[in-house]
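What follows is a set of notes on a single structure, which appears directly below.
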Amino acid sequence: MAANGNGVSTAPRSPLARIQTHKNGICHDDSGKPVKAQTIDELHSLQKKRSAPTTPLDGVQGAFATVSEDERQRQQLQSISASLASLTRGTGPKVVRGDPAGKVQPVSHVEHHHHVEAPTISVSDSSLKFTHVLYNLSPAELYEQAIKYEKGSFITATGALATLSGAKTGRSPRDKRVVIDDTTREELWWGKGSPNIEMDEHTFMVNRERAVDYLNSLDKVFVNDQFLNWDPKNRIKVRIVSARAYHSLFMHNMCIRPTPEELENFGTPDFTIYNAGQFPCNRYTHYMTSSTSIDLNLARREMVILGTQYAGEMKKGLFSVMHYLMPKRQILSLHSGCNMGKDGDVALFFGLSGTGKTTLSTDHNRYLIGDDEHCWSENGVSNIEGGCYAKCIDLSREKEPDIWNAIKFGTVLENIVFDEHTREVDYSDKSVTENTRAAYPIEYIPNAKIPCVGPHPKNVILLACDAFGVLPPVSKLSLAQTMYHFISGYTALVAGTEDGIKEPTATFSACFGAAFIMLHPTKYAAMLAEKMQKQGATGWLVNTGWSGGSYGSGNRIKLPYTRKIIDAIHSGSLLNANYQKTEVFGLEIPTEIEGVPSEILRPENTWSDKKAYKETLLKLGGLFKKNFETFTNYKIGKDNKLTEEILAAGPNF
Ligand SMILES: Nc1ncnc2c1ncn2[C@@H]1O[C@H](COP(=O)(O)OP(=O)(O)O)[C@@H](O)[C@H]1O
Ligand SMILES: C=C(OP(=O)(O)O)C(=O)O
Ligand SMILES: [Ca+2]
Ligand SMILES: [Mn+2]
C-alpha cells in the first residue's frame with residue numbers, strides 16, 4: 001500500500017509491478033565505479049586536488065620546475081614573516097601556511113620542515129605564537145572564509161559576495177598621512193590644498209607596530225602578492241596583508257592577478273600594505289586626530305591602515321604611490337577611465353568620484369582598458385589595475401548592462417541591501433550608504449581589452465557633475481582650457497535629500513584627484529599638456545550633472561543623452577560640428593548632436609527662470625576664479641606663454 005506525504009491513500013487498484021533496475025535483478029543505486037575511500041574523512045580528502053596557490057588569468061598550468069614546492073613555500077613564508085616583523089622583536093612571527101581551522105598543515109610538521117627564521121630567545125608570548133597565512137587564495141576559498149568568519153557576508157542571487165565595510169563606507173581623506181623626511185619634504189606637495197598631511201617617521205613606526213601586532217595576534221592573515229600596471233616595463237609588485245577575506249578578495253579583483261609562474265618568481269614586493277582596518281589607531285599617538293589613520297611611508301615603501309575597513313582605501317592608497325613613482329619615470333599617472341574604439345582610437349575620462357568614469361568608459365561598443373587609474377607613457381596608455389570598482393546606487397540592467405552582468409560569482413558587493421530570502425539585490429536601497437559598490441575583475445566586462453594597454457589618446461574628456469546646472473552638456477576645449485579645467489578639477493556635490501532641498505556645493509580637486517596626487521598639480525598638468533600637444537589630442541568638457549535648473553529644480557542629464565554625446569566625440573563627428581561660444585566660461589558648444597535634443601545643448605534654453613540662470617552662472621564662475629587664485633603664481637611647463645594662456649582660459653566677466 002503506497003501513501004503520499006499527507007497520509008492520503010493513493011493505492012492503485014492493482015499492485016505495482018516491481019521496478020526492474022538491472023537485467024539480473026540486482027539493485028544498484030548507481031552505475032559508476034566505487035569511490036577510492038575507506039572512510040568519510042578519506043572521501044572528503046579526495047574532494048580537493050592540490051593546485052597552484054593562485055588563480056591564473058589565462059589558465060596557464062605551467063610546470064613548476066625551477067624550485068621545489070617546499071622550497072618555494074619556505075621562501076614565501078620567510079618573506080611574509082619579514083613583512084610582519086615588528087620593531088621590538090626585530091624578526092617576524094612564525095608563519096605557517098593554511099587555515100588554522102582547516103588543519104591544512106599541523107604546526108609541528110611545519111615547524112620541523114620550514115625554519116622560517118633563526119631561533120631567537122622568546123621575549124614575549126606573541127613570539128611563541130604561529131600566524132597562519134592564507135596566501136593568494138582563490139575567490140571560492142575567500143568566499144568560504146568570508147561566509148564562515150565575517151559577519152554580514154552573504155551570497156547574492158547572482159552569485160556575488162555581499163559584504164559590509166563597517167562604520168566607514170567611503171574614504172577618509174582627512175586621516176591620510178604621509179611621512180615627511182628630507183626627500184619627501186622637497187619632492188612632495190605640502191600645505192594648502194595638498195592631500196599630504198604630514199607625519200614623522202617615528203609616529204609611522206608606532207602605527208605600523210600597532211597594525212603589525214594586531215595582525216600577528218590573529219590566528220590567520222590573508223596575504224595577496226599581485227601586480228600594478230599592465231605596462232610590463234613599469235610593473236610594480238605589491239603585497240597586501242589583511243585580516244579579512246573581504247579585503248583579500250577585493251584586492252584580488254582590483255590588482256593584476258599573477259600567473260602561477262609569475263607568483264613563483266615574485267620575490268620581494270616593491271610595496272606592502274598592512275591593513276588592520278578593524279583595529280583603531282591610538283588617539284594618544286602624536287598627530288592622530290581620530291581613530292582612523294591611513295599612513296604612507298614612501299621610503300619604507302609601506303602603507304598602514306588602522307580604523308577603517310573601507311576597501312577603496314587600499315586601491316586609492318596604491319594609486320597615490322603610483323602618482324609618486326610614475327612621474328619620476330616621466331610617466332603621467334591619471335585618475336581617469338579609458339577605452340578604445342574598433343579603429344584603435346583611445347579616449348580618457350577624467351572626473352571626480354561619481355562623475356561617470358566607470359559608467360562611461362564601460363561602453364558596449366568599445367574596448368574597456370580600465371575604469372579609474374591609468375598611466376600615459378611614451379608608448380601609450382596602460383591600466384594600473386586589474387579590476388573595476390563601480391558605483392551601484394540605482395544600477396539598472398537597461399542603462400548599464402555590462403556592469404549589471406559583471407555582478408556575479410567572484411564580485412565583491414559592498415554595503416548593498418538584499419532580500420533576505422531570495423538574495424535579490426535592491427540597488428535603489430540606500431539604507432547602509434549611498435556609496436554602494438561592486439568590485440570585479442576587468443575580464444568580467446565582455447569587451448575588456450586584455451592586456452589593458454592602448455595607443456596614445458585621441459580624446460581627453462573631462463567629466464563634471466555640475467549640480468548648478470549651468471555648464472553645457474558638452475563643450476570643445478582649447479589646450480589652455482583643458483589645462484585650466486584639469487587643474488581646477490570641478491564637480492558639485494548635492495546636499496542630503498532628507499533636510500529638504502539645499503544648494504549644491506562646488507568642489508575643486510586639482511587634476512580631478514587631489515586626494516591622490518603627491519606632487520604639485522602643475523607637474524601633472526605640464527606633463528598632460530605636453531603629451532596632448534605632441535599627440536594632437538582634443539579636450540572636451542562633459543557635464544554629467546544637471547540641466548534645466550540646479551539640483552532641486554532641474555534634472556540630471558539623461559545617461560542615454562550623455563552616451564550619444566560621447567559617441568559623437570569618439571566618432572569624430574563632433575570635432576567638425578558648428579560651434580557657438582558661451583558667455584562667462586567662454587566654452588565652445590555644438591549646435592547639434594545626433595540623438596540629442598538641440599535645445600539642451602545650450603543650458604540657458606533649458607532654464608525657465610533666465611535671471612536665476614545668469615545669477616547661478618556668475619556664482620559658479622566666481623567660485624572657479626577664487627579656487628584658481630592658488631595657482632596663479634605657478635608656471636606650467638617650460639613655456640611662459642602656456643601659463644598665461646591657461647590663466648586667460650578661465651571664466652571672464
Ligand atoms: N548623464 C550621466 N552620465 C554619467 N553617469 C550618470 C548620468 N546620470 C546618472 N549617472 C549615474 O552616475 C553615477 C556615475 O558613477 P561612476 O561612473 O561610478 O563614477 P566614477 O567612476 O567617476 O566615480 C552612476 O551611478 C551613473 O549611473
Ligand atoms: C574608489 C573611489 O573612486 P571613484 O569614486 O572615483 O570610482 C573613491 O573615490 O573612493
Ligand atoms: Ca576614482
Ligand atoms: Mn569609478
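Labels for the C-alpha cells follow display order: chains A, B, ..., residues from 1 in each chain, ligands from 1.
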For ligand 1, return the neighbouring residues as a count of residues only (distance at most 9 Å; only C-alpha atoms and all ligand atoms). 46
From the DSSP assignment of the backbone, select every residue of range 350-437 of chain A that is alpha helix (DSSP H), and format the answer as a list in words. Lys357, Thr358, Thr359, Leu360, Ser361, Pro401, Asp402, Ile403, Trp404, Asn405 and Ala406 of chain A
Take the residues from that selection and write them out as an mmCIF file, in the first residue's frame, keeping C-alpha atoms.
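File written: selection-v1.cif
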data_model
loop_
_atom_site.group_PDB
_atom_site.id
_atom_site.type_symbol
_atom_site.label_atom_id
_atom_site.label_comp_id
_atom_site.auth_asym_id
_atom_site.auth_seq_id
_atom_site.Cartn_x
_atom_site.Cartn_y
_atom_site.Cartn_z
ATOM 1 C CA LYS A 357 34.385 57.481 -15.317
ATOM 2 C CA THR A 358 33.315 53.882 -14.715
ATOM 3 C CA THR A 359 29.877 54.217 -16.313
ATOM 4 C CA LEU A 360 31.054 55.934 -19.499
ATOM 5 C CA SER A 361 34.285 54.002 -20.043
ATOM 6 C CA PRO A 401 24.051 46.151 -18.867
ATOM 7 C CA ASP A 402 27.779 45.369 -18.797
ATOM 8 C CA ILE A 403 28.185 46.427 -15.164
ATOM 9 C CA TRP A 404 24.973 44.634 -14.252
ATOM 10 C CA ASN A 405 26.199 41.389 -15.809
ATOM 11 C CA ALA A 406 29.595 41.698 -14.127
#
Residues within 12 Å of Thr289 in chain A, only C-alpha atoms, excluding chain neighbours under 3 positions, as a PyMOL selection string: chain A and resi 172+174-177+197+199+280-286+292-294+307
What would the file look like if the residues just selected were written as a PDB file, in the first residue's frame with N, CA and C atoms?
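Wrote result.pdb, looks like this:
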ATOM      1  N   SER A 172      38.515  58.229   3.858  1.00  0.00           N
ATOM      2  CA  SER A 172      38.708  59.216   4.931  1.00  0.00           C
ATOM      3  C   SER A 172      39.924  60.078   4.601  1.00  0.00           C
ATOM      4  N   ARG A 174      40.857  63.002   5.316  1.00  0.00           N
ATOM      5  CA  ARG A 174      41.433  63.801   6.398  1.00  0.00           C
ATOM      6  C   ARG A 174      42.297  62.977   7.345  1.00  0.00           C
ATOM      7  N   ASP A 175      42.200  61.673   7.232  1.00  0.00           N
ATOM      8  CA  ASP A 175      43.004  60.799   8.091  1.00  0.00           C
ATOM      9  C   ASP A 175      44.154  60.155   7.327  1.00  0.00           C
ATOM     10  N   LYS A 176      44.440  60.673   6.129  1.00  0.00           N
ATOM     11  CA  LYS A 176      45.528  60.101   5.339  1.00  0.00           C
ATOM     12  C   LYS A 176      46.798  60.917   5.582  1.00  0.00           C
ATOM     13  N   ARG A 177      47.860  60.233   5.996  1.00  0.00           N
ATOM     14  CA  ARG A 177      49.098  60.940   6.323  1.00  0.00           C
ATOM     15  C   ARG A 177      50.292  60.384   5.565  1.00  0.00           C
ATOM     16  N   ILE A 197      49.013  65.185   4.352  1.00  0.00           N
ATOM     17  CA  ILE A 197      49.084  65.693   5.719  1.00  0.00           C
ATOM     18  C   ILE A 197      50.287  64.999   6.348  1.00  0.00           C
ATOM     19  N   MET A 199      53.278  63.443   8.749  1.00  0.00           N
ATOM     20  CA  MET A 199      53.538  62.722   9.994  1.00  0.00           C
ATOM     21  C   MET A 199      55.026  62.410   9.993  1.00  0.00           C
ATOM     22  N   PRO A 280      41.593  50.209  15.745  1.00  0.00           N
ATOM     23  CA  PRO A 280      41.776  51.665  15.641  1.00  0.00           C
ATOM     24  C   PRO A 280      43.214  52.084  15.894  1.00  0.00           C
ATOM     25  N   CYS A 281      43.556  53.294  15.502  1.00  0.00           N
ATOM     26  CA  CYS A 281      44.837  53.825  15.935  1.00  0.00           C
ATOM     27  C   CYS A 281      44.650  54.348  17.360  1.00  0.00           C
ATOM     28  N   ASN A 282      45.741  54.606  18.013  1.00  0.00           N
ATOM     29  CA  ASN A 282      45.694  55.102  19.381  1.00  0.00           C
ATOM     30  C   ASN A 282      45.625  56.627  19.319  1.00  0.00           C
ATOM     31  N   ARG A 283      44.556  57.192  19.834  1.00  0.00           N
ATOM     32  CA  ARG A 283      44.379  58.633  19.715  1.00  0.00           C
ATOM     33  C   ARG A 283      45.372  59.442  20.547  1.00  0.00           C
ATOM     34  N   TYR A 284      46.102  58.764  21.429  1.00  0.00           N
ATOM     35  CA  TYR A 284      47.147  59.454  22.191  1.00  0.00           C
ATOM     36  C   TYR A 284      48.463  59.485  21.420  1.00  0.00           C
ATOM     37  N   THR A 285      48.476  58.804  20.273  1.00  0.00           N
ATOM     38  CA  THR A 285      49.662  58.847  19.423  1.00  0.00           C
ATOM     39  C   THR A 285      49.737  60.234  18.783  1.00  0.00           C
ATOM     40  N   HIS A 286      50.950  60.764  18.708  1.00  0.00           N
ATOM     41  CA  HIS A 286      51.166  62.076  18.105  1.00  0.00           C
ATOM     42  C   HIS A 286      50.533  62.134  16.707  1.00  0.00           C
ATOM     43  N   THR A 292      40.965  56.751  13.085  1.00  0.00           N
ATOM     44  CA  THR A 292      41.314  56.252  11.756  1.00  0.00           C
ATOM     45  C   THR A 292      42.632  56.862  11.308  1.00  0.00           C
ATOM     46  N   SER A 293      43.508  56.040  10.750  1.00  0.00           N
ATOM     47  CA  SER A 293      44.729  56.588  10.182  1.00  0.00           C
ATOM     48  C   SER A 293      45.200  55.737   9.014  1.00  0.00           C
ATOM     49  N   ILE A 294      45.450  56.407   7.905  1.00  0.00           N
ATOM     50  CA  ILE A 294      45.975  55.741   6.714  1.00  0.00           C
ATOM     51  C   ILE A 294      47.326  56.390   6.477  1.00  0.00           C
ATOM     52  N   GLY A 307      41.701  51.567  11.638  1.00  0.00           N
ATOM     53  CA  GLY A 307      40.438  52.238  11.924  1.00  0.00           C
ATOM     54  C   GLY A 307      39.517  52.501  10.749  1.00  0.00           C
TER      55      GLY A 307
END
Selection: 10 Å around Gly621 in chain A, only C-alpha atoms, excl. self and same-chain fewer than 4 positions, as a PyMOL selection string: chain A and resi 470+584-585+615-617+625-627+650-653
Output file for the residues above (N, CA and C atoms, as an mmCIF file, in the first residue's frame):
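Final output, saved to out20.cif:
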data_model
loop_
_atom_site.group_PDB
_atom_site.id
_atom_site.type_symbol
_atom_site.label_atom_id
_atom_site.label_comp_id
_atom_site.auth_asym_id
_atom_site.auth_seq_id
_atom_site.Cartn_x
_atom_site.Cartn_y
_atom_site.Cartn_z
ATOM 1 N N VAL A 470 24.578 74.791 -14.890
ATOM 2 C CA VAL A 470 24.902 75.875 -15.818
ATOM 3 C C VAL A 470 25.982 75.512 -16.842
ATOM 4 N N VAL A 584 30.737 84.158 -20.046
ATOM 5 C CA VAL A 584 31.362 83.847 -18.754
ATOM 6 C C VAL A 584 32.463 82.789 -18.897
ATOM 7 N N PHE A 585 32.116 81.539 -19.195
ATOM 8 C CA PHE A 585 33.141 80.489 -19.284
ATOM 9 C C PHE A 585 33.836 80.433 -20.643
ATOM 10 N N GLU A 615 22.439 84.415 -12.731
ATOM 11 C CA GLU A 615 22.997 84.551 -11.374
ATOM 12 C C GLU A 615 23.813 83.326 -10.981
ATOM 13 N N THR A 616 23.249 82.157 -11.292
ATOM 14 C CA THR A 616 23.925 80.902 -10.932
ATOM 15 C C THR A 616 25.220 80.748 -11.720
ATOM 16 N N LEU A 617 25.173 81.140 -13.000
ATOM 17 C CA LEU A 617 26.350 81.062 -13.857
ATOM 18 C C LEU A 617 27.479 81.938 -13.299
ATOM 19 N N LYS A 625 37.026 81.187 -10.159
ATOM 20 C CA LYS A 625 38.074 82.220 -10.068
ATOM 21 C C LYS A 625 38.784 82.162 -8.726
ATOM 22 N N LYS A 626 37.964 82.068 -7.673
ATOM 23 C CA LYS A 626 38.507 82.064 -6.324
ATOM 24 C C LYS A 626 39.411 80.837 -6.138
ATOM 25 N N ASN A 627 38.934 79.698 -6.613
ATOM 26 C CA ASN A 627 39.726 78.474 -6.455
ATOM 27 C C ASN A 627 41.053 78.569 -7.187
ATOM 28 N N GLY A 650 40.116 80.686 -18.143
ATOM 29 C CA GLY A 650 39.045 80.510 -17.163
ATOM 30 C C GLY A 650 37.891 81.445 -17.435
ATOM 31 N N PRO A 651 36.913 81.486 -16.538
ATOM 32 C CA PRO A 651 35.767 82.375 -16.727
ATOM 33 C C PRO A 651 36.197 83.846 -16.776
ATOM 34 N N ASN A 652 35.539 84.616 -17.635
ATOM 35 C CA ASN A 652 35.867 86.011 -17.876
ATOM 36 C C ASN A 652 34.632 86.864 -17.711
ATOM 37 N N PHE A 653 34.611 87.665 -16.683
ATOM 38 C CA PHE A 653 33.464 88.590 -16.512
ATOM 39 C C PHE A 653 33.833 89.689 -15.531
#
Ala211 in chain A surroundings by only C-alpha atoms, 9 Å radius, close-in-sequence under 5 positions cut, as JSON, numbers by chain: {"A": [206, 216, 274, 275, 276, 277, 279, 280, 281, 304, 305, 306]}
Backbone DSSP call of strand (DSSP E) for range 248-411 of chain A, listed as a ChimeraX atom specification: /A:271-276,293-297,302-306,332-334,336-340,346-350,367-370,374-377,380-383,387-391
Got a sec: who's within 8 Å of range 318-325 of chain A, counting only C-alpha atoms, leaving out chain neighbours fewer than 2 positions off, as number ranges by chain? A: 298, 314-316, 327-329, 332-333, 373, 516-519
Save the residues we just selected, all heavy atoms, as a tab-separated table (two decimals), in the first residue's frame?
chain	number	residue	atom	x	y	z
A	298	LEU	N	56.89	56.48	1.98
A	298	LEU	CA	57.47	56.20	0.67
A	298	LEU	C	58.87	55.59	0.80
A	298	LEU	O	59.23	54.72	0.02
A	298	LEU	CB	57.49	57.47	-0.18
A	298	LEU	CG	56.11	57.96	-0.61
A	298	LEU	CD1	56.20	59.36	-1.21
A	298	LEU	CD2	55.45	57.00	-1.60
A	314	MET	N	42.54	51.00	0.14
A	314	MET	CA	43.73	50.26	-0.33
A	314	MET	C	44.03	50.59	-1.79
A	314	MET	O	45.16	50.88	-2.15
A	314	MET	CB	43.53	48.75	-0.18
A	314	MET	CG	43.47	48.27	1.26
A	314	MET	SD	43.31	46.48	1.35
A	314	MET	CE	41.58	46.26	0.93
A	315	LYS	N	43.00	50.52	-2.63
A	315	LYS	CA	43.26	50.75	-4.06
A	315	LYS	C	43.68	52.19	-4.31
A	315	LYS	O	44.59	52.45	-5.08
A	315	LYS	CB	42.06	50.32	-4.91
A	315	LYS	CG	40.99	51.36	-5.09
A	315	LYS	CD	40.17	51.06	-6.34
A	315	LYS	CE	39.72	52.33	-7.01
A	315	LYS	NZ	39.93	52.38	-8.42
A	316	LYS	N	43.04	53.14	-3.60
A	316	LYS	CA	43.40	54.53	-3.81
A	316	LYS	C	44.73	54.87	-3.13
A	316	LYS	O	45.44	55.76	-3.57
A	316	LYS	CB	42.26	55.45	-3.37
A	316	LYS	CG	41.13	55.53	-4.43
A	316	LYS	CD	41.56	56.29	-5.65
A	316	LYS	CE	40.78	56.15	-6.92
A	316	LYS	NZ	39.39	56.42	-6.99
A	327	PRO	N	55.67	59.57	-12.24
A	327	PRO	CA	56.25	60.81	-12.78
A	327	PRO	C	57.78	60.84	-12.71
A	327	PRO	O	58.42	61.45	-13.55
A	327	PRO	CB	55.63	61.91	-11.90
A	327	PRO	CG	54.36	61.32	-11.41
A	327	PRO	CD	54.65	59.86	-11.22
A	328	LYS	N	58.36	60.14	-11.73
A	328	LYS	CA	59.82	60.03	-11.66
A	328	LYS	C	60.39	59.37	-12.91
A	328	LYS	O	61.55	59.54	-13.24
A	328	LYS	CB	60.23	59.16	-10.46
A	328	LYS	CG	60.30	59.88	-9.14
A	328	LYS	CD	60.73	58.86	-8.08
A	328	LYS	CE	60.92	59.47	-6.72
A	328	LYS	NZ	62.06	60.36	-6.62
A	329	ARG	N	59.55	58.54	-13.56
A	329	ARG	CA	59.97	57.85	-14.78
A	329	ARG	C	59.41	58.55	-16.02
A	329	ARG	O	59.28	57.93	-17.09
A	329	ARG	CB	59.48	56.40	-14.77
A	329	ARG	CG	59.90	55.63	-13.54
A	329	ARG	CD	59.37	54.20	-13.60
A	329	ARG	NE	59.66	53.48	-12.36
A	329	ARG	CZ	59.46	52.19	-12.19
A	329	ARG	NH1	58.96	51.45	-13.17
A	329	ARG	NH2	59.75	51.61	-11.05
A	332	LEU	N	53.00	59.78	-16.89
A	332	LEU	CA	51.92	60.52	-16.25
A	332	LEU	C	50.88	59.55	-15.69
A	332	LEU	O	50.37	58.69	-16.42
A	332	LEU	CB	51.28	61.46	-17.29
A	332	LEU	CG	50.08	62.29	-16.84
A	332	LEU	CD1	50.42	63.18	-15.66
A	332	LEU	CD2	49.56	63.12	-18.01
A	333	SER	N	50.59	59.68	-14.40
A	333	SER	CA	49.53	58.87	-13.78
A	333	SER	C	48.24	59.67	-13.84
A	333	SER	O	48.24	60.89	-13.63
A	333	SER	CB	49.92	58.55	-12.34
A	333	SER	OG	50.51	59.69	-11.72
A	373	GLU	N	42.22	54.17	-13.07
A	373	GLU	CA	43.61	54.58	-12.84
A	373	GLU	C	44.49	54.14	-14.02
A	373	GLU	O	44.54	52.96	-14.33
A	373	GLU	CB	44.16	53.92	-11.56
A	373	GLU	CG	43.30	54.13	-10.33
A	373	GLU	CD	43.82	53.38	-9.10
A	373	GLU	OE1	44.92	52.78	-9.18
A	373	GLU	OE2	43.13	53.37	-8.08
A	516	PHE	N	44.72	62.07	-4.34
A	516	PHE	CA	45.68	61.00	-4.66
A	516	PHE	C	47.01	61.50	-5.20
A	516	PHE	O	47.96	60.72	-5.33
A	516	PHE	CB	45.07	60.02	-5.66
A	516	PHE	CG	43.59	59.82	-5.46
A	516	PHE	CD1	42.68	60.21	-6.43
A	516	PHE	CD2	43.12	59.27	-4.28
A	516	PHE	CE1	41.31	60.05	-6.22
A	516	PHE	CE2	41.76	59.11	-4.06
A	516	PHE	CZ	40.85	59.51	-5.04
A	517	ILE	N	47.08	62.77	-5.61
A	517	ILE	CA	48.33	63.23	-6.20
A	517	ILE	C	49.36	63.51	-5.11
A	517	ILE	O	49.00	63.82	-3.97
A	517	ILE	CB	48.15	64.45	-7.15
A	517	ILE	CG1	47.59	65.65	-6.41
A	517	ILE	CG2	47.28	64.07	-8.33
A	517	ILE	CD1	47.45	66.88	-7.30
A	518	MET	N	50.62	63.37	-5.44
A	518	MET	CA	51.67	63.52	-4.44
A	518	MET	C	52.53	64.74	-4.73
A	518	MET	O	53.07	65.36	-3.84
A	518	MET	CB	52.55	62.28	-4.39
A	518	MET	CG	51.78	61.00	-4.12
A	518	MET	SD	52.34	60.17	-2.62
A	518	MET	CE	51.58	61.11	-1.36
A	519	LEU	N	52.66	65.07	-6.01
A	519	LEU	CA	53.47	66.22	-6.42
A	519	LEU	C	52.53	67.41	-6.63
A	519	LEU	O	51.30	67.26	-6.63
A	519	LEU	CB	54.23	65.89	-7.71
A	519	LEU	CG	54.92	64.53	-7.75
A	519	LEU	CD1	55.56	64.31	-9.12
A	519	LEU	CD2	55.97	64.40	-6.64
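Distance annotation: of A:Lys94, A:His374, A:His202, A:Arg301, the residue with the minimal separation from ligand 3 is A:His374; atom set is only C-alpha atoms and all ligand atoms.
Closest approach to ligand 4 among A:Gly341, A:Gly513, A:Pro232, A:Pro504 is made by A:Gly513 (distances from only C-alpha atoms and all ligand atoms).
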